Every structure is written in structure tokens, then in C-alpha cells.
file model00.txt (compact mmCIF, C-alpha atoms and all ligand atoms)
# COMPACT_ATOMS: atom_id res chain seq x y z
CA MET A 1 0.00 0.00 0.00
CA ALA A 2 3.03 2.22 0.32
CA HIS A 3 2.55 3.52 -3.24
CA THR A 4 -0.69 5.25 -2.22
CA ILE A 5 1.08 7.47 0.32
CA LYS A 6 1.56 11.05 -0.85
CA PRO A 7 5.08 12.07 0.12
CA LEU A 8 5.94 15.21 2.06
CA VAL A 9 9.06 17.32 1.69
CA ALA A 10 9.34 19.59 4.72
CA GLY A 11 12.00 22.21 5.34
CA ASN A 12 13.14 22.87 8.90
CA TRP A 13 14.78 26.28 9.07
CA LYS A 14 15.79 25.78 12.71
CA MET A 15 16.94 29.06 14.33
CA ASN A 16 17.62 30.75 11.02
CA GLY A 17 15.73 33.48 9.27
CA THR A 18 14.48 37.03 9.60
CA THR A 19 12.35 39.08 7.25
CA ALA A 20 15.43 39.36 5.01
CA ASN A 21 14.99 35.67 4.21
CA LEU A 22 11.37 35.95 3.04
CA LYS A 23 12.65 36.13 -0.52
CA GLU A 24 13.36 32.39 -0.36
CA PRO A 25 9.78 31.14 0.26
CA ARG A 26 8.56 33.78 -2.20
CA LEU A 27 10.97 32.35 -4.79
CA LEU A 28 9.95 28.80 -3.89
CA ALA A 29 6.26 29.54 -4.36
CA GLY A 30 7.04 31.18 -7.70
CA MET A 31 9.12 28.25 -8.91
CA LEU A 32 6.43 25.72 -7.96
CA ARG A 33 3.50 27.71 -9.31
CA ASP A 34 3.06 25.83 -12.58
CA VAL A 35 4.64 22.56 -11.51
CA LYS A 36 2.66 19.35 -11.11
CA LEU A 37 3.90 18.00 -7.81
CA LYS A 38 3.63 14.42 -6.62
CA CYS A 39 4.36 15.48 -3.04
CA ASP A 40 3.24 17.97 -0.44
CA VAL A 41 5.69 20.74 0.41
CA MET A 42 6.04 22.48 3.76
CA VAL A 43 8.27 25.17 5.21
CA CYS A 44 8.87 25.30 8.97
CA PRO A 45 10.42 28.71 9.69
CA PRO A 46 10.98 30.19 13.14
CA ALA A 47 7.59 30.93 14.75
CA THR A 48 8.22 34.67 14.33
CA LEU A 49 8.05 34.24 10.56
CA ILE A 50 5.19 31.79 10.06
CA ARG A 51 2.61 34.44 9.27
CA ARG A 52 4.96 36.33 6.95
CA VAL A 53 6.08 33.16 5.16
CA LYS A 54 2.44 32.20 4.61
CA ALA A 55 1.79 35.65 3.22
CA VAL A 56 4.62 35.55 0.68
CA MET A 57 3.54 32.04 -0.43
CA ARG A 58 -0.12 33.03 -0.83
CA GLY A 59 -1.76 31.33 -3.79
CA SER A 60 0.60 28.33 -3.60
CA LYS A 61 -0.15 24.95 -2.02
CA ILE A 62 2.96 25.13 0.17
CA LYS A 63 2.13 24.67 3.83
CA ALA A 64 3.78 26.18 6.89
CA GLY A 65 4.70 24.43 10.12
CA GLY A 66 6.20 25.15 13.52
CA GLN A 67 9.38 23.60 14.92
CA ASP A 68 8.21 22.82 18.45
CA CYS A 69 5.29 23.47 20.78
CA HIS A 70 4.57 23.29 24.48
CA ALA A 71 2.36 20.48 25.73
CA ALA A 72 0.06 22.91 27.54
CA VAL A 73 -2.61 25.02 25.89
CA SER A 74 -1.53 28.24 27.64
CA GLY A 75 -0.08 29.43 30.93
CA ALA A 76 3.03 30.56 32.76
CA HIS A 77 5.68 29.18 30.40
CA THR A 78 7.92 32.10 29.51
CA GLY A 79 9.40 31.82 26.07
CA ASP A 80 7.35 28.81 25.04
CA ILE A 81 4.76 28.62 22.30
CA SER A 82 1.55 26.59 22.19
CA ALA A 83 0.20 24.54 19.32
CA ASP A 84 -2.80 26.84 19.20
CA MET A 85 -0.54 29.88 18.73
CA LEU A 86 1.22 28.17 15.81
CA LYS A 87 -2.13 27.35 14.27
CA ASP A 88 -3.25 30.93 14.77
CA ALA A 89 -0.12 32.09 12.91
CA GLY A 90 -0.99 29.87 9.94
CA ALA A 91 0.75 26.57 10.66
CA THR A 92 -0.90 23.28 9.79
CA ALA A 93 1.78 21.12 11.40
CA VAL A 94 4.49 21.17 14.03
CA ILE A 95 7.74 19.25 14.38
CA VAL A 96 8.06 17.60 17.80
CA GLY A 97 10.92 15.66 19.33
CA HIS A 98 13.62 16.88 16.97
CA SER A 99 16.96 15.54 18.21
CA GLU A 100 18.13 19.10 18.90
CA ARG A 101 15.17 19.51 21.28
CA ARG A 102 15.79 16.11 22.82
CA THR A 103 19.46 16.96 23.38
CA ASN A 104 19.47 20.70 24.12
CA HIS A 105 16.24 20.76 26.12
CA LYS A 106 16.37 17.28 27.60
CA GLU A 107 13.05 16.34 26.06
CA THR A 108 11.99 12.79 26.86
CA ASP A 109 9.77 10.48 24.80
CA ALA A 110 6.91 11.22 27.22
CA MET A 111 7.30 14.97 26.67
CA VAL A 112 7.37 14.46 22.92
CA ALA A 113 4.19 12.37 23.08
CA ALA A 114 2.49 15.10 25.15
CA LYS A 115 3.48 17.71 22.57
CA ALA A 116 2.14 15.56 19.73
CA LEU A 117 -1.16 15.23 21.61
CA ALA A 118 -1.28 19.00 22.12
CA ALA A 119 -0.79 19.44 18.37
CA HIS A 120 -3.58 16.99 17.59
CA LYS A 121 -5.96 18.70 20.00
CA VAL A 122 -5.88 21.90 17.94
CA GLY A 123 -5.87 20.10 14.59
CA LEU A 124 -2.18 20.33 13.73
CA THR A 125 -0.28 17.44 12.21
CA ALA A 126 2.54 16.27 14.49
CA ILE A 127 5.82 15.52 12.74
CA ILE A 128 7.38 13.24 15.34
CA CYS A 129 11.16 12.82 15.06
CA ILE A 130 13.10 9.75 16.10
CA GLY A 131 16.61 8.52 15.42
CA GLU A 132 19.68 6.88 16.91
CA THR A 133 22.98 8.47 17.95
CA LEU A 134 26.29 7.34 16.45
CA ASP A 135 27.14 5.38 19.60
CA GLU A 136 23.82 3.59 19.46
CA ARG A 137 24.35 2.70 15.80
CA LYS A 138 27.92 1.53 16.44
CA GLY A 139 26.64 -0.53 19.34
CA GLY A 140 24.12 -2.29 17.11
CA LYS A 141 21.21 -0.73 19.00
CA THR A 142 19.54 1.24 16.20
CA LEU A 143 16.38 -0.83 15.81
CA GLU A 144 15.97 -1.22 19.55
CA VAL A 145 16.24 2.56 20.03
CA LEU A 146 13.73 3.21 17.27
CA THR A 147 11.28 0.78 18.84
CA SER A 148 11.49 2.41 22.23
CA GLN A 149 11.21 5.94 20.77
CA ILE A 150 8.15 4.90 18.76
CA LYS A 151 6.49 3.30 21.77
CA GLY A 152 7.28 6.30 23.96
CA SER A 153 6.80 9.26 21.59
CA ILE A 154 3.72 8.29 19.59
CA PRO A 155 0.60 8.94 21.66
CA ALA A 156 -2.79 7.27 21.40
CA GLY A 157 -5.05 8.71 18.73
CA CYS A 158 -2.40 9.05 16.04
CA THR A 159 -3.68 8.57 12.51
CA ALA A 160 -2.07 8.73 9.08
CA ALA A 161 -3.75 12.12 8.67
CA ASN A 162 -2.54 13.77 11.87
CA THR A 163 0.89 12.17 12.24
CA VAL A 164 4.11 12.05 10.24
CA VAL A 165 7.15 10.19 11.55
CA ALA A 166 10.61 11.49 10.66
CA TYR A 167 13.57 9.13 10.92
CA GLU A 168 16.61 11.30 11.53
CA PRO A 169 19.80 9.55 12.58
CA VAL A 170 21.38 12.09 14.96
CA TRP A 171 24.81 11.55 13.40
CA ALA A 172 23.48 12.41 9.93
CA ILE A 173 21.99 15.78 10.91
CA GLY A 174 24.03 18.68 9.58
CA THR A 175 27.09 16.50 9.07
CA GLY A 176 26.92 15.68 5.37
CA LEU A 177 26.85 12.01 6.35
CA THR A 178 23.95 9.77 5.39
CA PRO A 179 23.22 6.13 6.15
CA THR A 180 23.61 3.68 3.27
CA VAL A 181 20.54 2.78 1.24
CA ALA A 182 20.60 -0.61 2.98
CA GLU A 183 20.62 1.04 6.40
CA ILE A 184 17.74 3.36 5.53
CA THR A 185 15.80 0.47 4.03
CA GLU A 186 16.24 -1.51 7.23
CA ALA A 187 15.34 1.40 9.53
CA HIS A 188 12.25 2.45 7.58
CA ALA A 189 10.97 -1.13 7.27
CA HIS A 190 11.40 -1.49 11.01
CA ILE A 191 9.58 1.78 11.70
CA ARG A 192 6.74 0.71 9.39
CA LYS A 193 6.38 -2.56 11.30
CA GLU A 194 6.48 -0.86 14.70
CA LEU A 195 3.97 1.78 13.62
CA SER A 196 1.43 -0.95 12.96
CA GLY A 197 1.94 -2.04 16.53
CA VAL A 198 1.15 1.39 18.00
CA MET A 199 -1.23 2.76 15.36
CA GLY A 200 -2.91 -0.37 14.04
CA ALA A 201 -4.06 -0.19 10.42
CA GLU A 202 -3.24 3.55 10.26
CA GLY A 203 0.45 2.69 10.55
CA ALA A 204 0.50 1.26 7.02
CA SER A 205 -0.35 4.61 5.43
CA THR A 206 1.49 6.97 7.78
CA ARG A 207 4.25 8.99 6.14
CA ILE A 208 7.77 8.14 7.24
CA LEU A 209 10.22 10.87 6.26
CA TYR A 210 13.97 10.49 6.09
CA GLY A 211 15.99 13.40 7.48
CA GLY A 212 19.71 14.07 7.86
CA SER A 213 21.91 15.73 5.21
CA VAL A 214 19.35 15.44 2.42
CA LYS A 215 20.71 17.45 -0.53
CA PRO A 216 19.79 17.97 -4.18
CA THR A 217 22.59 15.53 -5.03
CA ASN A 218 21.32 12.61 -2.93
CA ALA A 219 17.56 13.26 -2.79
CA ALA A 220 16.55 11.10 -5.74
CA GLU A 221 18.43 8.09 -4.38
CA LEU A 222 17.14 8.53 -0.82
CA MET A 223 13.54 9.21 -1.81
CA ALA A 224 13.49 6.04 -3.93
CA VAL A 225 14.08 3.81 -0.89
CA ALA A 226 11.13 1.64 0.14
CA ASN A 227 9.03 3.18 2.93
CA VAL A 228 10.67 6.58 2.52
CA ASN A 229 7.70 8.90 2.04
CA GLY A 230 9.52 12.19 1.78
CA ALA A 231 12.19 14.20 3.53
CA LEU A 232 12.74 16.48 6.49
CA VAL A 233 15.38 18.91 5.29
CA GLY A 234 17.46 21.26 7.42
CA GLY A 235 20.33 23.21 5.86
CA ALA A 236 19.28 22.64 2.26
CA SER A 237 15.80 24.08 2.89
CA LEU A 238 17.12 27.60 3.55
CA LYS A 239 17.77 28.37 -0.09
CA ALA A 240 14.90 27.94 -2.54
CA VAL A 241 17.21 26.63 -5.29
CA ASP A 242 18.54 23.87 -3.04
CA PHE A 243 15.11 23.00 -1.65
CA ILE A 244 13.69 22.79 -5.18
CA GLY A 245 16.57 20.46 -6.07
CA ILE A 246 15.26 18.08 -3.42
CA ILE A 247 11.57 18.51 -4.29
CA LYS A 248 12.55 17.58 -7.87
CA ALA A 249 12.71 13.98 -6.70
CA TYR A 250 8.89 14.19 -6.86
CA ILE A 251 8.31 16.26 -9.98
P1 LIG B 301 20.09 18.71 7.86
O1 LIG B 301 19.03 18.73 9.08
O2 LIG B 301 19.27 18.51 6.60
O3 LIG B 301 20.74 20.07 7.91
O4 LIG B 301 21.02 17.58 8.10
C1 LIG B 301 17.93 17.87 9.10
C2 LIG B 301 17.09 18.14 10.33
O5 LIG B 301 17.66 18.36 11.40
O6 LIG B 301 15.84 18.11 10.26
call {"tool": "encode", "arguments": {"input": "model00.txt", "output": "C-alpha cells"}}
result
Amino acid sequence: MAHTIKPLVAGNWKMNGTTANLKEPRLLAGMLRDVKLKCDVMVCPPATLIRRVKAVMRGSKIKAGGQDCHAAVSGAHTGDISADMLKDAGATAVIVGHSERRTNHKETDAMVAAKALAAHKVGLTAIICIGETLDERKGGKTLEVLTSQIKGSIPAGCTAANTVVAYEPVWAIGTGLTPTVAEITEAHAHIRKELSGVMGAEGASTRILYGGSVKPTNAAELMAVANVNGALVGGASLKAVDFIGIIKAYI
């Protein structure tokens, strides 16, 4: 059934971008205007830019997403942002559990699951990130780690419509390194199997993105791997020409 899944290419700008960078999504929207796409496209800028990014992409099908949200609806959480606020700014999705959040902010699987639930409650799609560290891969623990992250980070009520899983090996993020096709095949097949365990039938049609040093030069090869239903792109999503080079895998 995997062939019926519409892929998603999502760009994660991380902590990059001010109004000076709005020319990139404007360019992206222009370049995609008359293109028949076989995938969905999303840009996840810093929360401060979501509304502006949406505005410069008006008329295009490109969606906007947030990069993180708090598990609570509102309250005394200085500096945090709620799923509802992201939605209000124009987001239709939010990334949760990115490895940089897990590492820099000590986010646990339980916290990630709570954030995904918060996203679902306001109607946002949760893009739930999982992935092993280099030590875990070297120690032969990759599949075990993925299983425990899936069991811990994917809350009840997840469906193929409200959930996207992103497999991002920590050691591949921002390093220029990528797993081999065989390694990605193995990881994604494993994730597919485990998703059925936690999501039932919905697991078969849930999108599983690959993320970690996806570039225009390797996108076609990576996106052709079984059970890879798109990409979560960091560095190469900042420039429209690079991002388009990746989206081209689906044109
Ligand atoms: P990268 O980041 O494409 O720069 O490796 C991916 C991510 O962290 O989502």
C-alpha cells in the first residue's frame, strides 16, 4: 500500500531566518507555481516568521509548520509557544521531538508524546522525530532505540492524517553524512512494522520521512528507498534553489 502514500518534503529552518529571508519562500512559491507535484511541500520557519512566510507564499499549495510546541494550551511558560498559537499564525503542522530539542532541552519520549497530543488537539499534524545516535548505531542498538522511541513518543489517537514520523539519525543531521541505502531500508521497514503495533491499520499509510543531510545531489536516491515517504530537510531548505533540487525527486 506504500505507493498510495503522498510524500511530504518539509523544510526545517531551525533558528535561522528574519524578514530578510522571506525572498526564499517567495521564490519557492514562484518556482512551484506551474509545476505538477507528486508530493506535499512544507516550510517550517521560526515561529516569528510563520505568518509572513504564509503571506509571501499566498496562492501556492505550500504549507507552513512550527518547529516545536509546548504540551500545555496556555499558561506561565515564559518563552514557550503553544500549538494553538502556531495554528493561529498559519501553521498546519508542528515538528516535535527533533533531536536538537531532545538533546538541548532534555526532552523525553513522554514529553514528545504530550506535545504531539497538544498538536492533535488543535488540529495540527505532528511531525514526530526519532533517530539513533552514532554510539547507538555503532553498538548495534539502532532498531531497539527506534522501537522504544516509537512506543514512547507516539501517543494514542495518532492517525495517518494527523501524524508524520521522521527518521533522523542524529549523526546524519548537519554533518553531510547519510546512512547507506541498505541502512535506511532496514530502519524504515522497522519503523513501518512498529507503527502498525502502535497505530494499528493507520500505521500502514502513515508517512515516514527520512531526514539528515538530504541534498539535491542525494535526494533522488534517498527518496526512492522503500518506505521513505519524503524528507525532512534542514540546511538545504534555507535556499529555494537547493530545496527545489530536493523537491525535484517528486516532480
Ligand atoms: P540537515 O538537518 O538537513 O541540515 O542535516 C535535518 C534536520 O535536522 O531536520
call {"tool": "residues_near_ligand", "arguments": {"input": "model00.txt", "ligand": "ligand LIG 301 (chain B)", "cutoff": "7 Å", "atoms": "all atoms listed in the file", "output": "count of residues only"}}
result
16
call {"tool": "closest_residue", "arguments": {"input": "model00.txt", "among": "A:Pro179, A:Pro7, A:Gly65, A:Gly131", "to": "A:Leu37", "atoms": "only C-alpha atoms"}}
result
A:Pro7
call {"tool": "closest_atom_pairs", "arguments": {"input": "model00.txt", "of": "stretch 138-237 of chain A", "to": "stretch 101-109 of chain A", "cutoff": "12 Å", "atoms": "all atoms listed in the file", "output": "JSON lines"}}
result
{"residue": "A:Val145", "atom": "CA", "partner": "A:Asp109", "partner_atom": "CA", "distance": 11.3}
{"residue": "A:Leu146", "atom": "CA", "partner": "A:Asp109", "partner_atom": "CA", "distance": 11.2}
{"residue": "A:Thr147", "atom": "CA", "partner": "A:Asp109", "partner_atom": "CA", "distance": 11.5}
{"residue": "A:Ser148", "atom": "CA", "partner": "A:Asp109", "partner_atom": "CA", "distance": 8.6}
{"residue": "A:Gln149", "atom": "CA", "partner": "A:Asp109", "partner_atom": "CA", "distance": 6.2}
{"residue": "A:Ile150", "atom": "CA", "partner": "A:Asp109", "partner_atom": "CA", "distance": 8.4}
{"residue": "A:Lys151", "atom": "CA", "partner": "A:Asp109", "partner_atom": "CA", "distance": 8.5}
{"residue": "A:Gly152", "atom": "CA", "partner": "A:Asp109", "partner_atom": "CA", "distance": 4.9}
{"residue": "A:Ser153", "atom": "CA", "partner": "A:Asp109", "partner_atom": "CA", "distance": 4.5}
{"residue": "A:Ile154", "atom": "CA", "partner": "A:Asp109", "partner_atom": "CA", "distance": 8.3}
{"residue": "A:Pro155", "atom": "CA", "partner": "A:Asp109", "partner_atom": "CA", "distance": 9.8}
{"residue": "A:Val170", "atom": "CA", "partner": "A:Thr103", "partner_atom": "CA", "distance": 9.9}
call {"tool": "write_last_selection", "arguments": {"input": "model00.txt", "atoms": "C-alpha atoms", "output": "PDB file, in the frame of the given file"}}
result
ATOM      1  CA  VAL A 145      16.240   2.560  20.030  1.00  0.00           C
ATOM      2  CA  LEU A 146      13.730   3.210  17.270  1.00  0.00           C
ATOM      3  CA  THR A 147      11.280   0.780  18.840  1.00  0.00           C
ATOM      4  CA  SER A 148      11.490   2.410  22.230  1.00  0.00           C
ATOM      5  CA  GLN A 149      11.210   5.940  20.770  1.00  0.00           C
ATOM      6  CA  ILE A 150       8.150   4.900  18.760  1.00  0.00           C
ATOM      7  CA  LYS A 151       6.490   3.300  21.770  1.00  0.00           C
ATOM      8  CA  GLY A 152       7.280   6.300  23.960  1.00  0.00           C
ATOM      9  CA  SER A 153       6.800   9.260  21.590  1.00  0.00           C
ATOM     10  CA  ILE A 154       3.720   8.290  19.590  1.00  0.00           C
ATOM     11  CA  PRO A 155       0.600   8.940  21.660  1.00  0.00           C
ATOM     12  CA  VAL A 170      21.380  12.090  14.960  1.00  0.00           C
TER      13      VAL A 170
END
call {"tool": "atom_distance", "arguments": {"input": "model00.txt", "atom1": "atom CA of A:Ala240", "atom2": "atom CA of A:Lys23"}}
result
8.7 Å
call {"tool": "axis_aligned_box", "arguments": {"input": "model00.txt", "around": "stretch 106-117 of chain A", "padding_each_side": "4 Å", "output": "JSON"}}
result
{"center_x": 7.6, "center_y": 14.1, "center_z": 23.7, "size_x": 25.5, "size_y": 15.2, "size_z": 15.9}
call {"tool": "residues_near_point", "arguments": {"input": "model00.txt", "point": "(-7.9, 19.7, 13.7)", "cutoff": "12 Å", "atoms": "all atoms listed in the file", "output": "PyMOL selection string"}}
result
chain A and resi 83-84+87+91-93+117-126+159+161-163
call {"tool": "write_last_selection", "arguments": {"input": "model00.txt", "atoms": "C-alpha atoms", "output": "mmCIF file, in the coordinates of the input"}}
result
data_model
loop_
_atom_site.group_PDB
_atom_site.id
_atom_site.type_symbol
_atom_site.label_atom_id
_atom_site.label_comp_id
_atom_site.auth_asym_id
_atom_site.auth_seq_id
_atom_site.Cartn_x
_atom_site.Cartn_y
_atom_site.Cartn_z
ATOM 1 C CA ALA A 83 0.200 24.540 19.320
ATOM 2 C CA ASP A 84 -2.800 26.840 19.200
ATOM 3 C CA LYS A 87 -2.130 27.350 14.270
ATOM 4 C CA ALA A 91 0.750 26.570 10.660
ATOM 5 C CA THR A 92 -0.900 23.280 9.790
ATOM 6 C CA ALA A 93 1.780 21.120 11.400
ATOM 7 C CA LEU A 117 -1.160 15.230 21.610
ATOM 8 C CA ALA A 118 -1.280 19.000 22.120
ATOM 9 C CA ALA A 119 -0.790 19.440 18.370
ATOM 10 C CA HIS A 120 -3.580 16.990 17.590
ATOM 11 C CA LYS A 121 -5.960 18.700 20.000
ATOM 12 C CA VAL A 122 -5.880 21.900 17.940
ATOM 13 C CA GLY A 123 -5.870 20.100 14.590
ATOM 14 C CA LEU A 124 -2.180 20.330 13.730
ATOM 15 C CA THR A 125 -0.280 17.440 12.210
ATOM 16 C CA ALA A 126 2.540 16.270 14.490
ATOM 17 C CA THR A 159 -3.680 8.570 12.510
ATOM 18 C CA ALA A 161 -3.750 12.120 8.670
ATOM 19 C CA ASN A 162 -2.540 13.770 11.870
ATOM 20 C CA THR A 163 0.890 12.170 12.240
#
call {"tool": "atom_distance", "arguments": {"input": "model00.txt", "atom1": "atom CA of A:Ile244", "atom2": "atom CA of A:Ala29"}}
result
10.1 Å
call {"tool": "closest_residue", "arguments": {"input": "model00.txt", "among": "A:Ala72, A:Ala249, A:Cys158, A:Ala114", "to": "A:Ser196", "atoms": "only C-alpha atoms"}}
result
A:Cys158
call {"tool": "residues_around", "arguments": {"input": "model00.txt", "residues": "A:Ser74", "least_positions_apart": "3", "cutoff": "10 Å", "atoms": "only C-alpha atoms", "output": "VMD selection string"}}
result
chain A and resid 70 to 71 77 80 to 85
call {"tool": "residues_near_point", "arguments": {"input": "model00.txt", "point": "(8.4, 32.9, 14.7)", "cutoff": "12 Å", "atoms": "all atoms listed in the file", "output": "ChimeraX atom specification"}}
result
/A:13-19,44-54,64-69,79-82,85-91
call {"tool": "residues_around", "arguments": {"input": "model00.txt", "residues": "A:Thr4", "least_positions_apart": "3", "cutoff": "12 Å", "atoms": "all atoms listed in the file", "output": "ChimeraX atom specification"}}
result
/A:1,7,38-39,160,204-207,227,229
call {"tool": "atom_distance", "arguments": {"input": "model00.txt", "atom1": "atom CA of A:Arg58", "atom2": "atom CA of A:Leu32"}}
result
12.1 Å
call {"tool": "closest_residue", "arguments": {"input": "model00.txt", "among": "A:Met111, A:Leu222, A:Val35, A:Ala116", "to": "A:Thr180", "atoms": "all atoms listed in the file"}}
result
A:Leu222
